[in-house]
$ cat final_5.txt   # compact mmCIF, C-alpha atoms
# COMPACT_ATOMS: atom_id res chain seq x y z
CA MET A 119 -15.22 -6.13 -13.08
CA ARG A 120 -16.23 -6.42 -9.38
CA ILE A 121 -19.00 -8.90 -10.27
CA GLN A 122 -16.50 -10.95 -12.27
CA LYS A 123 -14.15 -11.01 -9.29
CA ILE A 124 -16.95 -12.23 -7.00
CA LEU A 125 -17.91 -14.97 -9.44
CA ALA A 126 -14.25 -15.95 -9.72
CA LEU A 127 -14.01 -16.11 -5.93
CA ILE A 128 -17.11 -18.33 -5.69
CA SER A 129 -15.64 -20.60 -8.34
CA THR A 130 -12.30 -20.76 -6.52
CA LEU A 131 -13.95 -21.58 -3.20
CA GLY A 132 -15.87 -24.37 -4.87
CA LEU A 133 -12.65 -25.83 -6.20
CA LEU A 134 -11.02 -25.44 -2.81
CA GLY A 135 -13.89 -27.35 -1.20
CA ALA A 136 -13.30 -30.15 -3.67
CA SER A 137 -9.61 -30.27 -2.79
CA LEU A 138 -10.39 -30.54 0.91
CA THR A 139 -12.57 -33.62 0.30
CA GLY A 140 -9.77 -35.43 -1.48
CA CYS A 141 -10.26 -34.30 -5.09
CA THR A 142 -7.46 -32.82 -7.18
CA ALA A 143 -7.70 -29.01 -7.25
CA ASP A 144 -7.36 -27.80 -10.83
CA HIS A 145 -6.67 -24.28 -9.61
CA ILE A 146 -3.32 -25.24 -8.02
CA ALA A 147 -0.75 -24.05 -10.51
CA ALA A 148 1.68 -26.61 -11.86
CA GLU A 149 4.54 -24.13 -11.73
CA GLU A 150 8.03 -24.64 -10.36
CA ASN A 151 8.57 -23.84 -6.70
CA THR A 152 5.06 -24.92 -5.67
CA PRO A 153 5.30 -25.67 -1.90
CA VAL A 154 5.30 -29.25 -0.63
CA LYS A 155 2.32 -30.04 1.58
CA THR A 156 3.09 -30.93 5.19
CA GLU A 157 0.90 -31.06 8.29
CA GLY A 158 0.87 -29.36 11.69
CA ARG A 159 2.52 -26.07 10.82
CA GLN A 160 1.25 -22.50 11.11
CA LEU A 161 2.12 -18.94 10.15
CA ILE A 162 1.07 -15.65 11.76
CA VAL A 163 0.60 -12.80 9.26
CA TYR A 164 -0.17 -9.13 10.01
CA ASN A 165 -1.10 -7.16 6.89
CA VAL A 166 -2.85 -3.94 5.91
CA GLY A 167 -6.63 -4.20 5.61
CA ASP A 168 -8.05 -5.30 2.23
CA TYR A 169 -4.55 -6.04 0.94
CA ILE A 170 -4.86 -9.63 -0.27
CA ALA A 171 -7.35 -11.51 -2.44
CA PRO A 172 -9.52 -13.30 0.16
CA GLU A 173 -9.16 -16.82 -1.25
CA LEU A 174 -5.36 -16.91 -1.34
CA ASN A 175 -4.67 -17.80 2.29
CA ALA A 176 -6.95 -20.82 1.99
CA GLU A 177 -5.25 -21.85 -1.26
CA PHE A 178 -1.85 -21.59 0.41
CA THR A 179 -3.05 -23.83 3.23
CA ALA A 180 -4.48 -26.31 0.72
CA GLU A 181 -1.13 -26.52 -1.07
CA THR A 182 1.16 -26.65 1.96
CA GLY A 183 -0.82 -27.70 5.01
CA ILE A 184 0.37 -24.53 6.74
CA LYS A 185 -2.40 -22.82 8.69
CA VAL A 186 -2.45 -19.03 8.20
CA ILE A 187 -3.43 -16.97 11.25
CA TYR A 188 -4.21 -13.64 9.65
CA SER A 189 -5.00 -10.21 11.09
CA GLU A 190 -5.08 -6.68 9.73
CA TYR A 191 -4.02 -3.15 10.64
CA ALA A 192 -5.08 0.24 9.29
CA ASN A 193 -1.69 1.83 8.63
CA ASN A 194 2.04 1.54 9.26
CA GLU A 195 1.87 3.46 12.50
CA GLU A 196 -0.77 1.16 13.97
CA MET A 197 1.30 -1.86 12.94
CA TYR A 198 4.43 -0.43 14.57
CA ALA A 199 2.60 0.44 17.79
CA THR A 200 1.33 -3.15 17.97
CA VAL A 201 4.60 -4.95 17.32
CA ALA A 202 7.12 -2.61 18.97
CA PRO A 203 6.39 -3.64 22.59
CA GLY A 204 7.11 -7.27 21.67
CA ASN A 205 3.99 -8.62 23.37
CA ILE A 206 2.59 -10.18 20.20
CA GLN A 207 4.78 -12.23 17.86
CA TYR A 208 4.19 -12.27 14.11
CA ASP A 209 6.00 -14.11 11.33
CA ILE A 210 5.25 -11.72 8.45
CA LEU A 211 4.50 -8.00 8.30
CA VAL A 212 3.83 -5.87 5.20
CA PRO A 213 5.07 -2.34 5.94
CA SER A 214 5.90 0.49 3.56
CA ASP A 215 9.37 1.65 2.59
CA TYR A 216 9.91 4.30 5.28
CA MET A 217 8.68 1.98 8.04
CA ILE A 218 10.99 -0.77 6.85
CA ASP A 219 13.83 1.77 6.99
CA LYS A 220 12.87 2.60 10.58
CA MET A 221 12.59 -1.04 11.64
CA ILE A 222 15.94 -1.94 10.08
CA ASN A 223 17.59 0.96 11.89
CA GLU A 224 16.09 -0.25 15.17
CA GLY A 225 17.16 -3.87 14.64
CA ARG A 226 13.59 -5.17 14.54
CA LEU A 227 13.84 -7.31 11.38
CA GLU A 228 15.38 -10.65 10.52
CA GLU A 229 17.64 -10.95 7.51
CA ILE A 230 15.91 -12.94 4.78
CA ASP A 231 17.55 -15.91 3.06
CA MET A 232 16.51 -15.20 -0.53
CA SER A 233 17.69 -18.66 -1.62
CA LYS A 234 14.62 -20.00 0.17
CA ILE A 235 12.35 -17.74 -1.90
CA PRO A 236 13.05 -18.89 -5.49
CA ASN A 237 10.39 -16.58 -6.91
CA TYR A 238 12.33 -13.59 -5.59
CA ASP A 239 14.22 -13.80 -8.91
CA LYS A 240 10.98 -12.92 -10.70
CA ILE A 241 10.76 -9.50 -9.03
CA ASP A 242 11.83 -6.74 -11.42
CA SER A 243 15.26 -5.23 -10.86
CA GLU A 244 13.91 -1.68 -10.39
CA PHE A 245 12.29 -2.84 -7.15
CA LYS A 246 15.56 -4.12 -5.71
CA ASN A 247 18.41 -2.25 -4.03
CA LEU A 248 16.05 0.55 -3.01
CA ASP A 249 17.20 3.15 -0.51
CA PHE A 250 15.35 1.65 2.45
CA ASP A 251 16.99 -1.78 1.92
CA PRO A 252 19.97 -1.20 -0.40
CA GLU A 253 21.43 -4.70 -0.06
CA ASN A 254 18.08 -6.56 -0.27
CA LYS A 255 18.67 -8.16 3.12
CA TYR A 256 15.39 -7.53 4.90
CA SER A 257 12.47 -7.17 2.48
CA VAL A 258 10.71 -8.70 -0.51
CA PRO A 259 8.59 -6.25 -2.57
CA TYR A 260 4.85 -7.02 -2.54
CA MET A 261 2.98 -4.13 -4.20
CA TRP A 262 3.69 -0.54 -5.19
CA GLY A 263 1.82 2.59 -6.19
CA THR A 264 1.46 6.34 -6.09
CA VAL A 265 -0.53 8.95 -4.17
CA GLY A 266 -2.70 11.42 -6.07
CA ILE A 267 -6.15 12.99 -6.20
CA LEU A 268 -9.29 10.94 -6.75
CA TYR A 269 -12.05 13.23 -8.01
CA ASN A 270 -15.59 13.15 -9.34
CA THR A 271 -15.72 14.48 -12.89
CA LYS A 272 -19.39 15.45 -12.46
CA MET A 273 -18.59 17.59 -9.41
CA VAL A 274 -15.25 19.14 -10.40
CA ASP A 275 -15.09 21.43 -13.42
CA ASP A 276 -11.54 22.70 -12.93
CA PRO A 277 -8.39 20.97 -14.19
CA VAL A 278 -7.07 18.52 -11.61
CA ASP A 279 -3.36 18.71 -12.30
CA SER A 280 -2.10 20.45 -9.17
CA TRP A 281 -2.41 20.12 -5.41
CA ASP A 282 -3.80 23.68 -5.57
CA VAL A 283 -7.29 22.32 -6.28
CA LEU A 284 -7.47 21.03 -2.69
CA TRP A 285 -7.29 24.66 -1.56
CA ASN A 286 -9.93 25.94 -4.00
CA GLU A 287 -12.72 27.58 -1.95
CA LYS A 288 -15.24 26.62 -4.62
CA TYR A 289 -15.03 23.07 -3.25
CA LYS A 290 -15.54 23.95 0.40
CA ASP A 291 -17.05 20.98 2.28
CA GLN A 292 -16.43 18.74 -0.75
CA ILE A 293 -12.86 17.73 0.07
CA PHE A 294 -11.68 14.64 1.93
CA MET A 295 -8.14 14.56 3.33
CA TYR A 296 -6.44 11.53 4.84
CA ASP A 297 -6.44 11.52 8.60
CA SER A 298 -2.68 11.04 8.40
CA GLU A 299 -0.04 13.52 9.44
CA ARG A 300 2.50 11.97 7.08
CA ASP A 301 0.36 12.09 3.93
CA SER A 302 -1.22 15.47 4.64
CA ILE A 303 2.10 17.16 5.41
CA MET A 304 3.49 15.56 2.23
CA VAL A 305 0.76 17.21 0.15
CA ALA A 306 1.42 20.62 1.67
CA LEU A 307 5.18 20.34 1.19
CA LYS A 308 4.84 19.29 -2.45
CA LYS A 309 2.37 22.11 -3.10
CA LEU A 310 5.00 24.51 -1.75
CA GLY A 311 7.66 23.02 -4.00
CA TYR A 312 9.62 21.34 -1.18
CA SER A 313 10.81 17.78 -0.74
CA MET A 314 8.40 15.68 1.29
CA ASN A 315 11.47 14.48 3.23
CA THR A 316 12.57 17.96 4.30
CA ARG A 317 13.88 18.45 7.82
CA ASN A 318 13.95 22.22 7.44
CA PRO A 319 11.88 23.71 10.33
CA GLN A 320 10.88 26.76 8.27
CA GLU A 321 9.58 24.64 5.40
CA LEU A 322 7.64 22.44 7.81
CA ALA A 323 6.20 25.55 9.48
CA GLU A 324 5.00 26.77 6.08
CA ALA A 325 3.37 23.40 5.46
CA LYS A 326 1.58 23.65 8.80
CA GLU A 327 0.21 27.10 7.98
CA LEU A 328 -0.97 25.85 4.60
CA LEU A 329 -2.87 22.96 6.20
CA ILE A 330 -4.42 25.32 8.76
CA GLU A 331 -5.51 27.55 5.88
CA GLN A 332 -7.13 24.53 4.20
CA PHE A 333 -8.86 23.25 7.33
CA PRO A 334 -12.17 25.16 6.87
CA LEU A 335 -12.53 23.72 3.35
CA VAL A 336 -12.23 20.08 4.41
CA LEU A 337 -15.43 18.08 4.81
CA ALA A 338 -13.69 15.33 6.78
CA TYR A 339 -10.37 13.69 7.51
CA VAL A 340 -10.91 10.06 6.54
CA GLY A 341 -9.26 6.65 6.53
CA ASP A 342 -10.14 3.56 4.51
CA GLU A 343 -13.82 4.56 4.51
CA GLY A 344 -13.02 7.50 2.22
CA LYS A 345 -12.87 5.26 -0.84
CA GLY A 346 -16.48 4.11 -0.35
CA LYS A 347 -17.60 7.66 0.33
CA MET A 348 -16.12 8.79 -2.98
CA VAL A 349 -17.87 5.92 -4.78
CA ASN A 350 -21.14 7.12 -3.22
CA GLY A 351 -20.57 10.70 -4.38
CA GLU A 352 -20.23 12.15 -0.88
CA ALA A 353 -17.38 14.49 -1.83
CA ALA A 354 -15.82 15.99 -4.95
CA MET A 355 -12.20 14.97 -4.30
CA MET A 356 -9.87 13.13 -1.99
CA ILE A 357 -6.20 12.25 -1.59
CA ALA A 358 -5.96 8.60 -2.61
CA TRP A 359 -3.55 5.76 -3.15
CA ALA A 360 -3.60 4.60 -6.76
CA GLY A 361 -4.83 1.09 -5.89
CA ASP A 362 -7.82 2.45 -4.00
CA ALA A 363 -8.49 4.81 -6.88
CA MET A 364 -8.51 1.90 -9.34
CA LEU A 365 -11.12 0.03 -7.31
CA ALA A 366 -13.24 3.14 -6.76
CA MET A 367 -13.22 3.99 -10.47
CA ASP A 368 -14.27 0.43 -11.23
CA GLU A 369 -17.39 0.99 -9.12
CA ASN A 370 -18.12 4.58 -10.18
CA PRO A 371 -17.19 5.59 -13.76
CA ASP A 372 -17.55 9.29 -12.86
CA LEU A 373 -14.35 9.09 -10.83
CA ALA A 374 -10.88 9.88 -12.15
CA TYR A 375 -7.36 10.02 -10.73
CA ALA A 376 -4.49 12.45 -11.25
CA ILE A 377 -0.93 12.78 -9.98
CA PRO A 378 -0.28 16.50 -9.46
CA LYS A 379 2.44 18.18 -11.48
CA GLU A 380 4.31 19.29 -8.36
CA GLY A 381 5.08 15.64 -7.63
CA SER A 382 3.91 13.17 -5.03
CA ASN A 383 4.72 9.98 -3.14
CA TYR A 384 5.83 6.74 -4.78
CA PHE A 385 5.70 3.81 -2.36
CA VAL A 386 6.73 0.17 -2.20
CA ASP A 387 5.16 -2.17 0.37
CA SER A 388 7.16 -5.30 1.15
CA PHE A 389 7.15 -8.52 3.12
CA VAL A 390 9.42 -8.53 6.15
CA ILE A 391 10.06 -11.05 8.93
CA PRO A 392 10.17 -9.49 12.41
CA LYS A 393 13.03 -10.31 14.76
CA GLY A 394 12.40 -13.49 16.70
CA ALA A 395 9.74 -14.89 14.36
CA SER A 396 8.95 -18.49 15.30
CA ASN A 397 7.98 -19.74 11.85
CA LYS A 398 10.62 -18.48 9.43
CA GLU A 399 10.52 -21.49 7.11
CA GLU A 400 6.75 -21.14 6.80
CA ALA A 401 7.21 -17.42 6.14
CA TYR A 402 9.56 -18.20 3.27
CA GLU A 403 7.00 -20.54 1.71
CA TYR A 404 4.22 -17.97 2.07
CA ILE A 405 6.26 -15.18 0.50
CA ASN A 406 7.34 -17.47 -2.32
CA PHE A 407 3.72 -18.47 -2.95
CA LEU A 408 2.55 -14.83 -3.20
CA CYS A 409 5.47 -14.00 -5.53
CA ARG A 410 4.46 -16.75 -7.97
CA PRO A 411 3.37 -14.89 -11.12
CA ASP A 412 -0.07 -16.50 -11.45
CA ILE A 413 -0.85 -15.83 -7.79
CA ALA A 414 0.63 -12.32 -7.87
CA ALA A 415 -1.49 -11.45 -10.90
CA ARG A 416 -4.74 -12.58 -9.32
CA ASN A 417 -3.84 -10.76 -6.14
CA ALA A 418 -2.96 -7.50 -7.91
CA GLU A 419 -6.15 -7.57 -9.96
CA TYR A 420 -8.31 -8.06 -6.90
CA ILE A 421 -6.77 -5.45 -4.60
CA GLY A 422 -6.11 -2.87 -7.33
CA TYR A 423 -2.44 -2.24 -6.58
CA SER A 424 0.55 -2.69 -8.87
CA THR A 425 2.71 -5.79 -8.93
CA PRO A 426 6.52 -5.55 -9.07
CA ILE A 427 6.62 -8.76 -11.13
CA SER A 428 6.51 -8.29 -14.91
CA GLU A 429 5.44 -11.90 -15.50
CA ALA A 430 2.44 -11.26 -13.26
CA LYS A 431 1.61 -7.96 -14.94
CA ALA A 432 1.54 -9.77 -18.31
CA LEU A 433 -1.27 -11.99 -16.97
CA LEU A 434 -3.50 -9.05 -16.03
CA PRO A 435 -6.36 -7.79 -18.24
CA GLU A 436 -5.08 -5.51 -20.97
CA GLU A 437 -6.85 -2.44 -19.59
CA ILE A 438 -4.96 -2.81 -16.32
CA GLN A 439 -1.61 -3.43 -18.01
CA GLU A 440 -2.08 -0.24 -20.02
CA SER A 441 -3.46 1.85 -17.16
CA GLU A 442 -1.48 5.02 -16.50
CA ILE A 443 -2.80 4.90 -12.94
CA ALA A 444 -1.56 1.41 -12.12
CA TYR A 445 1.58 1.60 -14.22
CA PRO A 446 2.59 5.23 -14.90
CA ASP A 447 5.46 5.78 -17.28
CA ALA A 448 8.98 6.74 -16.28
CA SER A 449 8.42 10.46 -16.89
CA VAL A 450 5.76 10.50 -14.16
CA LEU A 451 7.71 8.33 -11.73
CA GLY A 452 10.75 10.55 -12.14
CA ASN A 453 8.87 13.38 -10.41
CA LEU A 454 7.92 11.32 -7.37
CA GLU A 455 9.64 10.71 -4.04
CA MET A 456 9.75 7.84 -1.59
CA PHE A 457 9.41 8.57 2.12
CA ASN A 458 12.47 8.27 4.34
CA ASP A 459 12.32 7.17 7.96
CA PRO A 460 10.85 10.22 9.77
CA SER A 461 11.96 9.19 13.26
CA ASP A 462 14.11 12.26 13.76
CA VAL A 463 11.20 14.63 13.04
CA ILE A 464 8.24 12.56 14.21
CA GLU A 465 7.62 14.74 17.26
CA LEU A 466 7.54 17.84 15.07
CA TYR A 467 5.16 16.09 12.65
CA THR A 468 2.87 15.16 15.54
CA THR A 469 2.90 18.72 16.87
CA ILE A 470 2.11 20.14 13.43
CA TRP A 471 -0.79 17.74 12.93
CA LEU A 472 -2.22 18.47 16.37
CA GLU A 473 -2.12 22.20 15.70
CA VAL A 474 -3.84 21.69 12.34
CA LYS A 475 -6.63 19.54 13.81
CA LEU A 476 -7.19 22.00 16.66
CA SER A 477 -6.97 25.11 14.48
CA GLN A 478 -10.74 25.74 14.48
$ encode --input "final_5.txt" --output "structure tokens"
Amino acid sequence: MRIQKILALISTLGLLGASLTGCTADHIAAEENTPVKTEGRQLIVYNVGDYIAPELNAEFTAETGIKVIYSEYANNEEMYATVAPGNIQYDILVPSDYMIDKMINEGRLEEIDMSKIPNYDKIDSEFKNLDFDPENKYSVPYMWGTVGILYNTKMVDDPVDSWDVLWNEKYKDQIFMYDSERDSIMVALKKLGYSMNTRNPQELAEAKELLIEQFPLVLAYVGDEGKGKMVNGEAAMMIAWAGDAMLAMDENPDLAYAIPKEGSNYFVDSFVIPKGASNKEEAYEYINFLCRPDIAARNAEYIGYSTPISEAKALLPEEIQESEIAYPDASVLGNLEMFNDPSDVIELYTTIWLEVKLSQ
């Protein structure tokens, strides 16, 4: 599948080159709500790394004349630390649910005029009126997914249906954990049977002790590089987002993914417009473009994450549409939680994580 994607990208770039020399680009979809091309405009986008098909920004520019100035961040916390001081102005961000909740509470986001994003109507109803934006004023869903365990079936001979396996001493120095206080504390809390949104100091203290107990078993605390390390067989298992798991499994058929029975995290990443954005009209056109079903389908297939647009899902290869990893059924989703804004406990989270990392 990866080779096919590369060939498709080469083909698309060839077509784009033709459009830039005055030829008609066959790849521009003749759908309603296609943007009107104008000159001299720009848009500044700040998105998570590897979270868009690489040809789409150029296609958007070819259709609209709007130049996309694009940069990437590693996680929500890095994004927030960059934008919070107000020194750098962006027009579009792509944070997760809990971070959107935080930024709404702090007055950092513009309200979005959905009438200027006609393709918003194509987003499925279950991704609207969510707790972090109950009136759909500030965000447009982009992608969604789950957190589970990515594991190598040739290296793990125990059932992978519980977070307990990450504490199994048999796999000492074969376990990757995310270098993320939020995700790691979530795993410990769910293993203990608690809500990942608990504010109970005793429950959080138990989670800390559990992570300290696990520390000697962990080979490394990793970021985005963990996916490639799992593909290369450098560890037996790792906490993983479902989209990363899909891409890793595509490259290494020995890998598999499981959502533990104790429950896990269900997340929705969305477009938002930060307060004071200079190019709101251009932001609306960009969001509308990426919500167009044909574009959303190509994007979801490339990055591995799940689209909130049923029309886009229907355009994906059948094996992706039927994947229990990309699109788990309601019985699985019913056992998952979405993060709430952790601002009121962030200092405690930071202290816990520091104690874990310094435990040995």
$ residues_around --input "final_5.txt" --residues "region 342-354 of chain A" --least-positions-apart "2" --cutoff "6 Å" --atoms "only C-alpha atoms" --output "PyMOL selection string"
chain A and resi 269-270+273+292-293+340+366+370
$ closest_atom_pairs --input "final_5.txt" --of "region 236-353 of chain A" --to "region 403-411 of chain A" --cutoff "8 Å" --atoms "all atoms listed in the file" --output "Markdown table"
| residue | atom | partner | partner_atom | distance |
| --- | --- | --- | --- | --- |
| A:Pro236 | CA | A:Asn406 | CA | 6.7 |
| A:Asn237 | CA | A:Asn406 | CA | 5.6 |
| A:Tyr238 | CA | A:Cys409 | CA | 6.9 |
| A:Lys240 | CA | A:Cys409 | CA | 7.6 |
| A:Ile241 | CA | A:Cys409 | CA | 7.8 |
| A:Val258 | CA | A:Ile405 | CA | 7.9 |
| A:Tyr260 | CA | A:Cys409 | CA | 7.6 |
$ write_last_selection --input "final_5.txt" --atoms "C-alpha atoms" --output "PDB file, in the coordinates of the input"
ATOM      1  CA  PRO A 236      13.050 -18.890  -5.490  1.00  0.00           C
ATOM      2  CA  ASN A 237      10.390 -16.580  -6.910  1.00  0.00           C
ATOM      3  CA  TYR A 238      12.330 -13.590  -5.590  1.00  0.00           C
ATOM      4  CA  LYS A 240      10.980 -12.920 -10.700  1.00  0.00           C
ATOM      5  CA  ILE A 241      10.760  -9.500  -9.030  1.00  0.00           C
ATOM      6  CA  VAL A 258      10.710  -8.700  -0.510  1.00  0.00           C
ATOM      7  CA  TYR A 260       4.850  -7.020  -2.540  1.00  0.00           C
TER       8      TYR A 260
END
$ closest_residue --input "final_5.txt" --among "A:Gly341, A:Glu196, A:Pro426, A:Pro392" --to "Glu224 (chain A)" --atoms "only C-alpha atoms"
A:Pro392
$ closest_residue --input "final_5.txt" --among "A:Ile170, A:Lys398, A:Asp459, A:Thr425" --to "Asn194 (chain A)" --atoms "only C-alpha atoms"
A:Asp459
$ closest_residue --input "final_5.txt" --among "A:Gly183, A:Pro259, A:Pro213, A:Pro252" --to "Asn165 (chain A)" --atoms "all atoms listed in the file"
A:Pro213
$ axis_aligned_box --input "final_5.txt" --around "region 311-320 of chain A" --padding-each-side "6 Å" --output "JSON"
{"center_x": 10.8, "center_y": 20.6, "center_z": 3.2, "size_x": 18.3, "size_y": 24.3, "size_z": 26.3}
$ closest_residue --input "final_5.txt" --among "A:Trp262, A:Phe333, A:Tyr188, A:Tyr312" --to "Ile427 (chain A)" --atoms "all atoms listed in the file"
A:Trp262
$ atom_distance --input "final_5.txt" --atom1 "CA of Ser257 (chain A)" --atom2 "CA of Glu229 (chain A)"
8.1 Å
$ decode --input "final_5.txt" --residues "region 158-184 of chain A" --atoms "N, CA and C atoms" --output "short mmCIF file (atom, residue, chain, number, x, y, z; two decimals), in the first residue's frame"
data_model
loop_
_atom_site.label_atom_id
_atom_site.label_comp_id
_atom_site.auth_asym_id
_atom_site.auth_seq_id
_atom_site.Cartn_x
_atom_site.Cartn_y
_atom_site.Cartn_z
N GLY A 158 -2.76 36.44 -4.58
CA GLY A 158 -2.21 37.34 -3.58
C GLY A 158 -2.64 37.08 -2.16
N ARG A 159 -3.20 35.94 -1.88
CA ARG A 159 -3.64 35.64 -0.52
C ARG A 159 -2.77 34.53 0.07
N GLN A 160 -2.75 34.45 1.42
CA GLN A 160 -1.99 33.40 2.07
C GLN A 160 -2.70 32.93 3.32
N LEU A 161 -2.19 31.82 3.87
CA LEU A 161 -2.79 31.16 5.02
C LEU A 161 -1.66 30.52 5.82
N ILE A 162 -1.67 30.68 7.14
CA ILE A 162 -0.61 30.14 7.98
C ILE A 162 -1.20 29.01 8.83
N VAL A 163 -0.73 27.79 8.58
CA VAL A 163 -1.28 26.58 9.21
C VAL A 163 -0.22 25.95 10.11
N TYR A 164 -0.64 25.53 11.30
CA TYR A 164 0.23 24.86 12.27
C TYR A 164 -0.45 23.55 12.64
N ASN A 165 0.13 22.43 12.20
CA ASN A 165 -0.51 21.12 12.35
C ASN A 165 0.48 20.13 12.97
N VAL A 166 -0.04 19.03 13.45
CA VAL A 166 0.79 17.95 13.98
C VAL A 166 1.64 17.36 12.85
N GLY A 167 2.82 16.87 13.17
CA GLY A 167 3.68 16.27 12.17
C GLY A 167 3.05 15.07 11.49
N ASP A 168 3.28 14.94 10.19
CA ASP A 168 2.81 13.79 9.39
C ASP A 168 1.29 13.65 9.46
N TYR A 169 0.57 14.77 9.44
CA TYR A 169 -0.87 14.71 9.64
C TYR A 169 -1.65 15.30 8.48
N ILE A 170 -1.05 15.23 7.28
CA ILE A 170 -1.75 15.61 6.06
C ILE A 170 -1.03 14.94 4.90
N ALA A 171 -1.78 14.51 3.89
CA ALA A 171 -1.15 13.98 2.68
C ALA A 171 -0.34 15.10 2.04
N PRO A 172 0.92 14.84 1.68
CA PRO A 172 1.85 15.93 1.33
C PRO A 172 1.48 16.73 0.10
N GLU A 173 0.66 16.19 -0.79
CA GLU A 173 0.33 16.93 -2.01
C GLU A 173 -0.85 17.89 -1.84
N LEU A 174 -1.58 17.79 -0.72
CA LEU A 174 -2.85 18.51 -0.64
C LEU A 174 -2.70 20.02 -0.50
N ASN A 175 -1.67 20.48 0.19
CA ASN A 175 -1.49 21.93 0.29
C ASN A 175 -1.25 22.55 -1.08
N ALA A 176 -0.43 21.87 -1.89
CA ALA A 176 -0.17 22.37 -3.24
C ALA A 176 -1.43 22.35 -4.10
N GLU A 177 -2.25 21.32 -3.94
CA GLU A 177 -3.51 21.25 -4.69
C GLU A 177 -4.45 22.39 -4.28
N PHE A 178 -4.49 22.66 -2.97
CA PHE A 178 -5.33 23.76 -2.50
C PHE A 178 -4.87 25.08 -3.12
N THR A 179 -3.57 25.30 -3.15
CA THR A 179 -3.04 26.52 -3.75
C THR A 179 -3.38 26.59 -5.25
N ALA A 180 -3.28 25.45 -5.93
CA ALA A 180 -3.59 25.41 -7.36
C ALA A 180 -5.05 25.76 -7.62
N GLU A 181 -5.93 25.35 -6.72
CA GLU A 181 -7.36 25.62 -6.91
C GLU A 181 -7.75 27.05 -6.53
N THR A 182 -7.09 27.62 -5.54
CA THR A 182 -7.56 28.88 -4.95
C THR A 182 -6.62 30.06 -5.14
N GLY A 183 -5.35 29.78 -5.41
CA GLY A 183 -4.36 30.84 -5.43
C GLY A 183 -3.87 31.25 -4.06
N ILE A 184 -4.35 30.58 -3.02
CA ILE A 184 -3.97 30.91 -1.65
C ILE A 184 -2.70 30.15 -1.29
#
